[in-house]
$ cat input-v2.tsv   # TSV, C-alpha atoms
chain	number	residue	atom	x	y	z
A	1	MET	CA	-37.63	-46.31	-17.52
A	2	GLN	CA	-39.33	-47.02	-14.23
A	3	SER	CA	-39.74	-50.43	-12.68
A	4	CYS	CA	-41.24	-52.00	-9.59
A	5	ARG	CA	-41.68	-55.44	-8.13
A	6	LEU	CA	-44.91	-57.16	-9.08
A	7	GLY	CA	-46.01	-60.17	-7.09
A	8	GLN	CA	-44.02	-62.84	-5.36
A	9	GLY	CA	-45.70	-65.72	-7.19
A	10	LEU	CA	-48.81	-67.63	-6.30
A	11	ARG	CA	-48.64	-71.22	-5.18
A	12	ALA	CA	-51.82	-73.20	-4.87
A	13	PHE	CA	-52.67	-76.84	-4.94
A	14	SER	CA	-55.68	-78.21	-6.74
A	15	GLY	CA	-56.00	-81.96	-6.88
A	16	ARG	CA	-53.40	-83.43	-9.19
A	17	SER	CA	-51.22	-80.41	-9.53
A	18	GLN	CA	-49.17	-77.85	-7.76
A	19	VAL	CA	-49.89	-74.66	-9.66
A	20	SER	CA	-47.36	-71.86	-9.77
A	21	SER	CA	-48.06	-68.49	-11.38
A	22	VAL	CA	-45.18	-66.04	-11.54
A	23	CYS	CA	-44.98	-62.59	-13.16
A	24	LEU	CA	-42.89	-62.58	-16.33
A	25	THR	CA	-41.82	-58.92	-16.35
A	26	PRO	CA	-41.77	-56.01	-13.89
A	27	CYS	CA	-43.94	-52.91	-14.29
A	28	ARG	CA	-42.45	-50.57	-16.90
A	29	ALA	CA	-43.21	-47.10	-18.15
A	30	ASP	CA	-44.58	-46.96	-21.71
A	31	PRO	CA	-42.99	-44.63	-24.32
A	32	ARG	CA	-45.19	-41.77	-23.07
A	33	GLY	CA	-43.85	-42.18	-19.54
A	34	LYS	CA	-47.05	-43.63	-18.14
A	35	LEU	CA	-46.62	-46.49	-15.68
A	36	VAL	CA	-48.27	-49.67	-16.94
A	37	ASN	CA	-51.05	-51.02	-14.73
A	38	PRO	CA	-49.89	-54.25	-13.02
A	39	SER	CA	-53.00	-56.04	-14.29
A	40	GLN	CA	-51.78	-55.45	-17.85
A	41	VAL	CA	-48.43	-57.15	-17.34
A	42	LYS	CA	-48.15	-60.49	-19.06
A	43	ARG	CA	-47.70	-63.51	-16.82
A	44	ARG	CA	-45.91	-66.76	-17.41
A	45	ALA	CA	-48.17	-69.68	-18.28
A	46	LEU	CA	-49.16	-71.87	-15.36
A	47	GLN	CA	-46.62	-74.59	-14.69
A	48	VAL	CA	-48.10	-77.88	-13.55
A	49	VAL	CA	-46.10	-80.55	-11.74
A	50	ASN	CA	-47.03	-83.76	-9.96
A	51	MET	CA	-47.90	-83.68	-6.31
A	52	PHE	CA	-48.88	-86.15	-3.62
A	53	THR	CA	-51.07	-85.85	-0.55
A	54	GLY	CA	-49.30	-88.10	1.95
A	55	ILE	CA	-52.32	-90.41	2.10
A	56	VAL	CA	-50.66	-93.71	1.25
A	57	GLN	CA	-52.84	-95.89	-0.97
A	58	GLY	CA	-51.39	-99.17	0.23
A	59	THR	CA	-48.30	-101.33	0.24
A	60	ALA	CA	-46.61	-103.13	-2.63
A	61	LYS	CA	-43.94	-105.80	-2.94
A	62	VAL	CA	-40.54	-105.52	-4.61
A	63	VAL	CA	-40.18	-108.50	-6.96
A	64	SER	CA	-36.93	-107.57	-8.71
A	65	VAL	CA	-33.88	-105.41	-7.98
A	66	ASP	CA	-31.31	-105.04	-10.75
A	67	ARG	CA	-28.29	-103.25	-9.28
A	68	LYS	CA	-25.72	-101.66	-11.56
A	69	GLU	CA	-22.98	-99.11	-11.01
A	70	ASN	CA	-24.61	-96.02	-9.45
A	71	PHE	CA	-27.95	-97.17	-10.81
A	72	SER	CA	-30.74	-99.56	-9.91
A	73	GLN	CA	-33.92	-100.84	-11.55
A	74	LEU	CA	-36.89	-101.85	-9.43
A	75	VAL	CA	-39.89	-103.94	-10.41
A	76	ILE	CA	-42.75	-103.67	-7.93
A	77	GLN	CA	-45.89	-105.80	-7.69
A	78	PHE	CA	-49.00	-103.74	-6.88
A	79	PRO	CA	-52.38	-104.88	-5.56
A	80	GLU	CA	-55.04	-105.66	-8.15
A	81	GLY	CA	-56.51	-102.51	-9.72
A	82	LYS	CA	-53.92	-100.09	-8.33
A	83	THR	CA	-52.11	-99.66	-11.67
A	84	ASP	CA	-55.27	-99.14	-13.76
A	85	GLY	CA	-54.92	-96.27	-16.23
A	86	ILE	CA	-51.27	-95.60	-15.46
A	87	GLN	CA	-48.93	-94.64	-18.32
A	88	ILE	CA	-45.22	-94.64	-19.04
A	89	GLY	CA	-43.75	-91.49	-17.53
A	90	ALA	CA	-46.31	-91.27	-14.74
A	91	SER	CA	-45.12	-90.40	-11.23
A	92	VAL	CA	-45.55	-92.75	-8.29
A	93	ALA	CA	-44.28	-92.15	-4.77
A	94	ILE	CA	-42.47	-95.22	-3.41
A	95	ASN	CA	-41.73	-94.80	0.30
A	96	GLY	CA	-42.31	-91.11	-0.30
A	97	THR	CA	-39.82	-90.87	-3.17
A	98	CYS	CA	-41.20	-89.62	-6.49
A	99	LEU	CA	-40.25	-92.14	-9.20
A	100	THR	CA	-41.08	-92.31	-12.91
A	101	VAL	CA	-42.73	-95.37	-14.42
A	102	THR	CA	-40.49	-96.86	-17.13
A	103	GLU	CA	-42.32	-100.12	-17.91
A	104	ILE	CA	-45.81	-101.46	-17.29
A	105	LYS	CA	-47.09	-104.98	-16.89
A	106	PRO	CA	-50.63	-105.86	-15.72
A	107	THR	CA	-49.92	-105.40	-12.00
A	108	GLN	CA	-46.21	-104.60	-12.07
A	109	LEU	CA	-44.39	-101.30	-12.61
A	110	SER	CA	-40.70	-100.72	-13.27
A	111	PHE	CA	-38.67	-97.74	-12.07
A	112	ASP	CA	-35.12	-96.50	-12.66
A	113	ILE	CA	-33.26	-95.11	-9.63
A	114	MET	CA	-30.22	-92.87	-9.97
A	115	VAL	CA	-27.21	-92.66	-7.66
A	116	GLU	CA	-28.37	-89.60	-5.68
A	117	THR	CA	-31.73	-91.21	-4.93
A	118	LEU	CA	-29.98	-94.39	-3.83
A	119	ARG	CA	-27.77	-92.33	-1.50
A	120	ALA	CA	-30.41	-90.03	-0.04
A	121	THR	CA	-33.30	-92.47	0.47
A	122	ASN	CA	-33.93	-95.97	1.77
A	123	LEU	CA	-34.67	-97.27	-1.74
A	124	GLY	CA	-31.06	-98.41	-2.00
A	125	GLU	CA	-31.74	-100.81	0.88
A	126	LEU	CA	-34.59	-102.63	-0.88
A	127	ASP	CA	-34.31	-106.29	-1.84
A	128	ASN	CA	-36.61	-108.87	-3.39
A	129	GLY	CA	-39.58	-109.26	-1.09
A	130	SER	CA	-39.29	-105.81	0.52
A	131	ILE	CA	-42.61	-104.10	1.24
A	132	VAL	CA	-43.01	-100.42	0.35
A	133	ASN	CA	-45.60	-97.66	0.65
A	134	PHE	CA	-47.02	-96.30	-2.59
A	135	GLU	CA	-49.12	-93.35	-3.68
A	136	ARG	CA	-49.99	-92.36	-7.21
A	137	SER	CA	-49.93	-88.64	-7.96
A	138	ALA	CA	-53.11	-86.83	-6.99
A	139	ARG	CA	-55.82	-86.05	-9.53
A	140	VAL	CA	-57.98	-82.97	-9.93
A	141	GLY	CA	-60.89	-83.29	-7.53
A	142	ASP	CA	-59.18	-85.71	-5.14
A	143	GLU	CA	-59.63	-85.00	-1.46
A	144	ILE	CA	-56.48	-83.64	0.17
A	145	GLY	CA	-56.57	-85.66	3.36
A	146	GLY	CA	-52.93	-85.13	4.34
A	147	HIS	CA	-50.64	-82.29	3.28
A	148	ASN	CA	-48.82	-81.31	0.10
A	149	VAL	CA	-45.95	-83.75	-0.46
A	150	SER	CA	-43.48	-83.30	-3.33
A	151	GLY	CA	-41.78	-86.70	-3.24
A	152	HIS	CA	-38.36	-85.06	-2.77
A	153	VAL	CA	-36.83	-86.71	0.28
A	154	HIS	CA	-34.67	-84.46	2.50
A	155	THR	CA	-33.02	-87.07	4.69
A	156	LYS	CA	-33.47	-90.45	6.37
A	157	ALA	CA	-34.28	-91.30	9.97
A	158	THR	CA	-34.02	-94.45	12.04
A	159	ILE	CA	-36.72	-96.04	14.18
A	160	VAL	CA	-35.27	-96.14	17.69
A	161	GLU	CA	-38.30	-97.08	19.80
A	162	ILE	CA	-41.77	-98.58	19.37
A	163	GLN	CA	-44.35	-98.53	22.15
A	164	GLU	CA	-47.57	-100.53	21.82
A	165	THR	CA	-50.83	-99.58	23.50
A	166	ALA	CA	-54.32	-101.00	23.21
A	167	ASN	CA	-55.40	-98.76	20.34
A	168	ASN	CA	-52.33	-97.14	18.82
A	169	ARG	CA	-48.58	-97.37	18.31
A	170	ARG	CA	-46.03	-94.74	19.34
A	171	ILE	CA	-42.97	-94.73	17.10
A	172	THR	CA	-39.87	-92.67	17.85
A	173	PHE	CA	-37.50	-91.65	15.06
A	174	GLU	CA	-33.98	-90.24	15.26
A	175	LEU	CA	-32.59	-87.92	12.61
A	176	PRO	CA	-28.89	-88.15	11.68
A	177	ASP	CA	-28.32	-84.39	11.62
A	178	GLU	CA	-29.35	-81.74	14.15
A	179	ARG	CA	-29.93	-79.16	11.40
A	180	TRP	CA	-33.23	-80.75	10.37
A	181	MET	CA	-34.74	-80.47	13.85
A	182	LYS	CA	-35.59	-76.77	13.47
A	183	TYR	CA	-38.28	-77.83	10.98
A	184	VAL	CA	-39.70	-80.59	13.20
A	185	LEU	CA	-42.27	-78.92	15.44
A	186	PRO	CA	-44.86	-80.43	17.81
A	187	LYS	CA	-48.25	-80.77	16.07
A	188	GLY	CA	-46.65	-79.95	12.74
A	189	TYR	CA	-46.75	-82.06	9.56
A	190	ILE	CA	-44.03	-84.38	8.36
A	191	ALA	CA	-43.92	-87.05	5.65
A	192	VAL	CA	-42.38	-90.34	6.81
A	193	ASP	CA	-41.95	-92.93	4.03
A	194	GLY	CA	-44.50	-90.81	2.15
A	195	THR	CA	-47.10	-90.92	4.92
A	196	SER	CA	-48.47	-87.58	6.12
A	197	LEU	CA	-48.16	-87.67	9.90
A	198	THR	CA	-48.67	-85.26	12.79
A	199	ILE	CA	-45.61	-84.84	15.00
A	200	GLY	CA	-46.04	-85.65	18.67
A	201	GLU	CA	-43.16	-84.84	21.03
A	202	VAL	CA	-39.79	-83.44	19.92
A	203	TRP	CA	-36.45	-83.59	21.77
A	204	ASP	CA	-32.74	-83.69	20.90
A	205	ARG	CA	-32.59	-85.30	17.43
A	206	ARG	CA	-35.74	-87.32	18.00
A	207	PHE	CA	-39.47	-87.00	17.43
A	208	CYS	CA	-42.39	-89.37	17.82
A	209	VAL	CA	-45.72	-90.01	16.11
A	210	TYR	CA	-48.86	-91.83	17.21
A	211	LEU	CA	-50.41	-94.22	14.69
A	212	ILE	CA	-53.96	-95.56	14.67
A	213	PRO	CA	-54.75	-99.14	13.56
A	214	GLU	CA	-55.87	-98.02	10.08
A	215	THR	CA	-52.49	-96.38	9.40
A	216	LEU	CA	-50.73	-99.53	10.58
A	217	ARG	CA	-52.92	-101.65	8.30
A	218	VAL	CA	-52.40	-99.57	5.16
A	219	THR	CA	-48.71	-98.63	5.49
A	220	VAL	CA	-45.34	-100.22	6.17
A	221	PHE	CA	-45.47	-99.04	9.77
A	222	GLY	CA	-47.41	-102.15	10.59
A	223	ILE	CA	-44.31	-104.26	9.86
A	224	LYS	CA	-41.32	-101.97	10.39
A	225	GLY	CA	-39.28	-102.36	13.55
A	226	VAL	CA	-36.51	-100.78	15.60
A	227	GLY	CA	-33.41	-100.16	13.49
A	228	ASP	CA	-35.30	-99.77	10.21
A	229	SER	CA	-34.73	-96.60	8.20
A	230	VAL	CA	-37.43	-94.30	6.85
A	231	ASN	CA	-37.48	-91.44	4.38
A	232	ILE	CA	-38.20	-87.95	5.71
A	233	GLU	CA	-39.65	-85.03	3.78
A	234	ILE	CA	-39.94	-81.78	5.69
A	235	GLU	CA	-43.22	-79.89	5.22
A	236	THR	CA	-42.44	-77.12	2.71
A	237	GLN	CA	-44.39	-74.29	4.35
A	238	THR	CA	-42.70	-74.96	7.68
A	239	GLN	CA	-39.30	-74.91	5.99
A	240	ALA	CA	-40.07	-71.67	4.15
A	241	ILE	CA	-41.28	-69.92	7.31
A	242	VAL	CA	-38.29	-71.03	9.41
A	243	ASP	CA	-35.72	-70.16	6.74
A	244	THR	CA	-37.31	-66.79	5.99
A	245	THR	CA	-37.49	-65.88	9.67
A	246	GLU	CA	-33.83	-66.79	10.18
A	247	ARG	CA	-32.81	-64.74	7.14
A	248	VAL	CA	-34.80	-61.65	8.18
A	249	VAL	CA	-33.58	-61.78	11.79
A	250	ALA	CA	-29.95	-62.25	10.66
A	251	ALA	CA	-30.23	-59.25	8.32
A	252	TYR	CA	-31.81	-57.13	11.07
A	253	LEU	CA	-29.08	-57.99	13.58
A	254	ALA	CA	-26.33	-57.37	11.03
A	255	ARG	CA	-27.81	-53.96	10.16
A	256	ASN	CA	-28.05	-52.98	13.82
A	257	ALA	CA	-24.47	-54.11	14.45
A	258	ALA	CA	-23.24	-52.07	11.50
A	259	GLN	CA	-25.10	-48.96	12.69
A	260	ALA	CA	-23.76	-49.39	16.24
A	261	SER	CA	-20.16	-49.58	15.03
A	262	ALA	CA	-20.50	-46.65	12.63
$ encode --input "input-v2.tsv" --output "structure tokens"
Amino acid sequence: MQSCRLGQGLRAFSGRSQVSSVCLTPCRADPRGKLVNPSQVKRRALQVVNMFTGIVQGTAKVVSVDRKENFSQLVIQFPEGKTDGIQIGASVAINGTCLTVTEIKPTQLSFDIMVETLRATNLGELDNGSIVNFERSARVGDEIGGHNVSGHVHTKATIVEIQETANNRRITFELPDERWMKYVLPKGYIAVDGTSLTIGEVWDRRFCVYLIPETLRVTVFGIKGVGDSVNIEIETQTQAIVDTTERVVAAYLARNAAQASA
């Protein structure tokens, strides 16, 4: 039997979904010894998952927080019309964290939050009256105005400085761990509380962004201040490129070191 690698998977984003197509089996020789054409190999059915764009649709108000042991239930009041057509089980990003709708009232949605989400995000800090960003999962045909956001928060950051100018606001964030900074690059994308933003300057464990009045009007950044925490999701393509480059370089150096010592 002969075999070869076929494809590394195709990832594309079309509106509501992140589409992933991955080969099911490698190329194999048939009983007569003839290698099967790659186009004839069966492929796994497309797997569709929810995605977000980082274009926050507005802010909503927490009206109830029911805290239990390693568990919390949130009820959030949304602006009129923003919950139209939503169903139980739908995904909504709250401060950039993908949550599942568990109960629906006319303009209120309920969400269950597990212990890891409470630990890793700022949702555990919410109280009655807290204001949050929200974005419903994207639909087929929606404009992708930001970048692909999964709703899986990597870490939190703290606002350490706010500078006001006539037409924009410069906000500086500090990350708790140096290891995330290799993914934070000037002019790159980053999701902060679910908002797709372009990174300005980067130094030490800090980075800044520049926000226009419309972003301040639509998101929580119009009311957040120094000392407040935000959720951070690293842009996935940046993370993949950095990690792959590190892995390839490390393997190359290790191989050269082994050859030199042989």
$ residues_around --input "input-v2.tsv" --residues "Asn148 (chain A)" --least-positions-apart "2" --cutoff "7 Å" --atoms "all atoms listed in the file" --output "ChimeraX atom specification"
/A:51-53,150
$ closest_residue --input "input-v2.tsv" --among "A:Leu216, A:Val62, A:Leu126, A:Leu197" --to "Ile232 (chain A)" --atoms "all atoms listed in the file"
A:Leu197
$ axis_aligned_box --input "input-v2.tsv" --around "region 167-175 of chain A" --padding-each-side "5 Å" --output "AutoDock Vina command-line options"
--center_x -44.0 --center_y -93.3 --center_z 16.5 --size_x 32.8 --size_y 20.8 --size_z 17.7
$ atom_distance --input "input-v2.tsv" --atom1 "CA of Glu125 (chain A)" --atom2 "CA of Ile234 (chain A)"
21.3 Å
$ atom_distance --input "input-v2.tsv" --atom1 "CA of Asn167 (chain A)" --atom2 "CA of Leu211 (chain A)"
8.8 Å
$ residues_around --input "input-v2.tsv" --residues "Gln77 (chain A)" --least-positions-apart "5" --cutoff "7 Å" --atoms "only C-alpha atoms" --output "ChimeraX atom specification"
/A:60-63,107-109
$ decode --input "input-v2.tsv" --residues "region 175-202 of chain A" --atoms "N, CA and C atoms" --output "PDB file, in the first residue's frame"
ATOM      1  N   LEU A 175      -1.190  43.892  29.188  1.00  0.00           N
ATOM      2  CA  LEU A 175      -1.448  42.462  29.316  1.00  0.00           C
ATOM      3  C   LEU A 175      -0.751  41.914  30.556  1.00  0.00           C
ATOM      4  N   PRO A 176      -1.326  40.880  31.185  1.00  0.00           N
ATOM      5  CA  PRO A 176      -0.740  40.350  32.417  1.00  0.00           C
ATOM      6  C   PRO A 176       0.465  39.450  32.192  1.00  0.00           C
ATOM      7  N   ASP A 177       0.643  38.979  30.948  1.00  0.00           N
ATOM      8  CA  ASP A 177       1.665  37.974  30.672  1.00  0.00           C
ATOM      9  C   ASP A 177       2.417  38.354  29.403  1.00  0.00           C
ATOM     10  N   GLU A 178       3.728  38.378  29.493  1.00  0.00           N
ATOM     11  CA  GLU A 178       4.579  38.754  28.357  1.00  0.00           C
ATOM     12  C   GLU A 178       4.391  37.831  27.156  1.00  0.00           C
ATOM     13  N   ARG A 179       4.001  36.579  27.390  1.00  0.00           N
ATOM     14  CA  ARG A 179       3.952  35.605  26.300  1.00  0.00           C
ATOM     15  C   ARG A 179       2.959  35.956  25.215  1.00  0.00           C
ATOM     16  N   TRP A 180       1.949  36.780  25.532  1.00  0.00           N
ATOM     17  CA  TRP A 180       0.957  37.155  24.523  1.00  0.00           C
ATOM     18  C   TRP A 180       1.464  38.253  23.588  1.00  0.00           C
ATOM     19  N   MET A 181       2.511  38.967  24.000  1.00  0.00           N
ATOM     20  CA  MET A 181       2.947  40.127  23.236  1.00  0.00           C
ATOM     21  C   MET A 181       3.515  39.769  21.861  1.00  0.00           C
ATOM     22  N   LYS A 182       3.982  38.541  21.676  1.00  0.00           N
ATOM     23  CA  LYS A 182       4.523  38.173  20.368  1.00  0.00           C
ATOM     24  C   LYS A 182       3.439  38.145  19.284  1.00  0.00           C
ATOM     25  N   TYR A 183       2.171  38.105  19.699  1.00  0.00           N
ATOM     26  CA  TYR A 183       1.069  38.129  18.743  1.00  0.00           C
ATOM     27  C   TYR A 183       0.482  39.531  18.551  1.00  0.00           C
ATOM     28  N   VAL A 184       0.958  40.478  19.324  1.00  0.00           N
ATOM     29  CA  VAL A 184       0.417  41.847  19.274  1.00  0.00           C
ATOM     30  C   VAL A 184       1.382  42.695  18.463  1.00  0.00           C
ATOM     31  N   LEU A 185       1.033  42.971  17.213  1.00  0.00           N
ATOM     32  CA  LEU A 185       1.934  43.624  16.276  1.00  0.00           C
ATOM     33  C   LEU A 185       1.343  44.951  15.801  1.00  0.00           C
ATOM     34  N   PRO A 186       2.163  45.966  15.629  1.00  0.00           N
ATOM     35  CA  PRO A 186       1.655  47.251  15.132  1.00  0.00           C
ATOM     36  C   PRO A 186       0.915  47.081  13.806  1.00  0.00           C
ATOM     37  N   LYS A 187      -0.238  47.697  13.714  1.00  0.00           N
ATOM     38  CA  LYS A 187      -1.128  47.644  12.540  1.00  0.00           C
ATOM     39  C   LYS A 187      -1.820  46.296  12.381  1.00  0.00           C
ATOM     40  N   GLY A 188      -1.638  45.408  13.330  1.00  0.00           N
ATOM     41  CA  GLY A 188      -2.327  44.130  13.263  1.00  0.00           C
ATOM     42  C   GLY A 188      -3.720  44.226  13.881  1.00  0.00           C
ATOM     43  N   TYR A 189      -4.485  43.142  13.752  1.00  0.00           N
ATOM     44  CA  TYR A 189      -5.833  43.072  14.326  1.00  0.00           C
ATOM     45  C   TYR A 189      -5.781  42.517  15.742  1.00  0.00           C
ATOM     46  N   ILE A 190      -6.729  42.940  16.550  1.00  0.00           N
ATOM     47  CA  ILE A 190      -6.945  42.343  17.862  1.00  0.00           C
ATOM     48  C   ILE A 190      -8.388  42.596  18.245  1.00  0.00           C
ATOM     49  N   ALA A 191      -9.005  41.654  18.963  1.00  0.00           N
ATOM     50  CA  ALA A 191     -10.375  41.840  19.443  1.00  0.00           C
ATOM     51  C   ALA A 191     -10.327  42.194  20.920  1.00  0.00           C
ATOM     52  N   VAL A 192     -10.858  43.367  21.268  1.00  0.00           N
ATOM     53  CA  VAL A 192     -10.886  43.836  22.649  1.00  0.00           C
ATOM     54  C   VAL A 192     -12.341  43.980  23.067  1.00  0.00           C
ATOM     55  N   ASP A 193     -12.763  43.182  24.058  1.00  0.00           N
ATOM     56  CA  ASP A 193     -14.183  43.106  24.432  1.00  0.00           C
ATOM     57  C   ASP A 193     -15.051  42.860  23.200  1.00  0.00           C
ATOM     58  N   GLY A 194     -14.524  42.042  22.275  1.00  0.00           N
ATOM     59  CA  GLY A 194     -15.274  41.668  21.077  1.00  0.00           C
ATOM     60  C   GLY A 194     -15.233  42.669  19.955  1.00  0.00           C
ATOM     61  N   THR A 195     -14.529  43.782  20.130  1.00  0.00           N
ATOM     62  CA  THR A 195     -14.452  44.819  19.109  1.00  0.00           C
ATOM     63  C   THR A 195     -13.196  44.638  18.271  1.00  0.00           C
ATOM     64  N   SER A 196     -13.348  44.533  16.969  1.00  0.00           N
ATOM     65  CA  SER A 196     -12.202  44.411  16.079  1.00  0.00           C
ATOM     66  C   SER A 196     -11.488  45.756  15.998  1.00  0.00           C
ATOM     67  N   LEU A 197     -10.237  45.783  16.446  1.00  0.00           N
ATOM     68  CA  LEU A 197      -9.481  47.029  16.485  1.00  0.00           C
ATOM     69  C   LEU A 197      -8.124  46.847  15.815  1.00  0.00           C
ATOM     70  N   THR A 198      -7.592  47.960  15.312  1.00  0.00           N
ATOM     71  CA  THR A 198      -6.246  47.971  14.742  1.00  0.00           C
ATOM     72  C   THR A 198      -5.264  48.448  15.811  1.00  0.00           C
ATOM     73  N   ILE A 199      -4.208  47.693  16.000  1.00  0.00           N
ATOM     74  CA  ILE A 199      -3.218  48.015  17.032  1.00  0.00           C
ATOM     75  C   ILE A 199      -2.384  49.209  16.595  1.00  0.00           C
ATOM     76  N   GLY A 200      -2.156  50.123  17.536  1.00  0.00           N
ATOM     77  CA  GLY A 200      -1.300  51.269  17.266  1.00  0.00           C
ATOM     78  C   GLY A 200       0.133  50.949  17.644  1.00  0.00           C
ATOM     79  N   GLU A 201       0.628  51.549  18.726  1.00  0.00           N
ATOM     80  CA  GLU A 201       1.991  51.273  19.179  1.00  0.00           C
ATOM     81  C   GLU A 201       2.014  50.080  20.136  1.00  0.00           C
ATOM     82  N   VAL A 202       3.203  49.441  20.197  1.00  0.00           N
ATOM     83  CA  VAL A 202       3.404  48.269  21.058  1.00  0.00           C
ATOM     84  C   VAL A 202       4.715  48.440  21.806  1.00  0.00           C
TER      85      VAL A 202
END
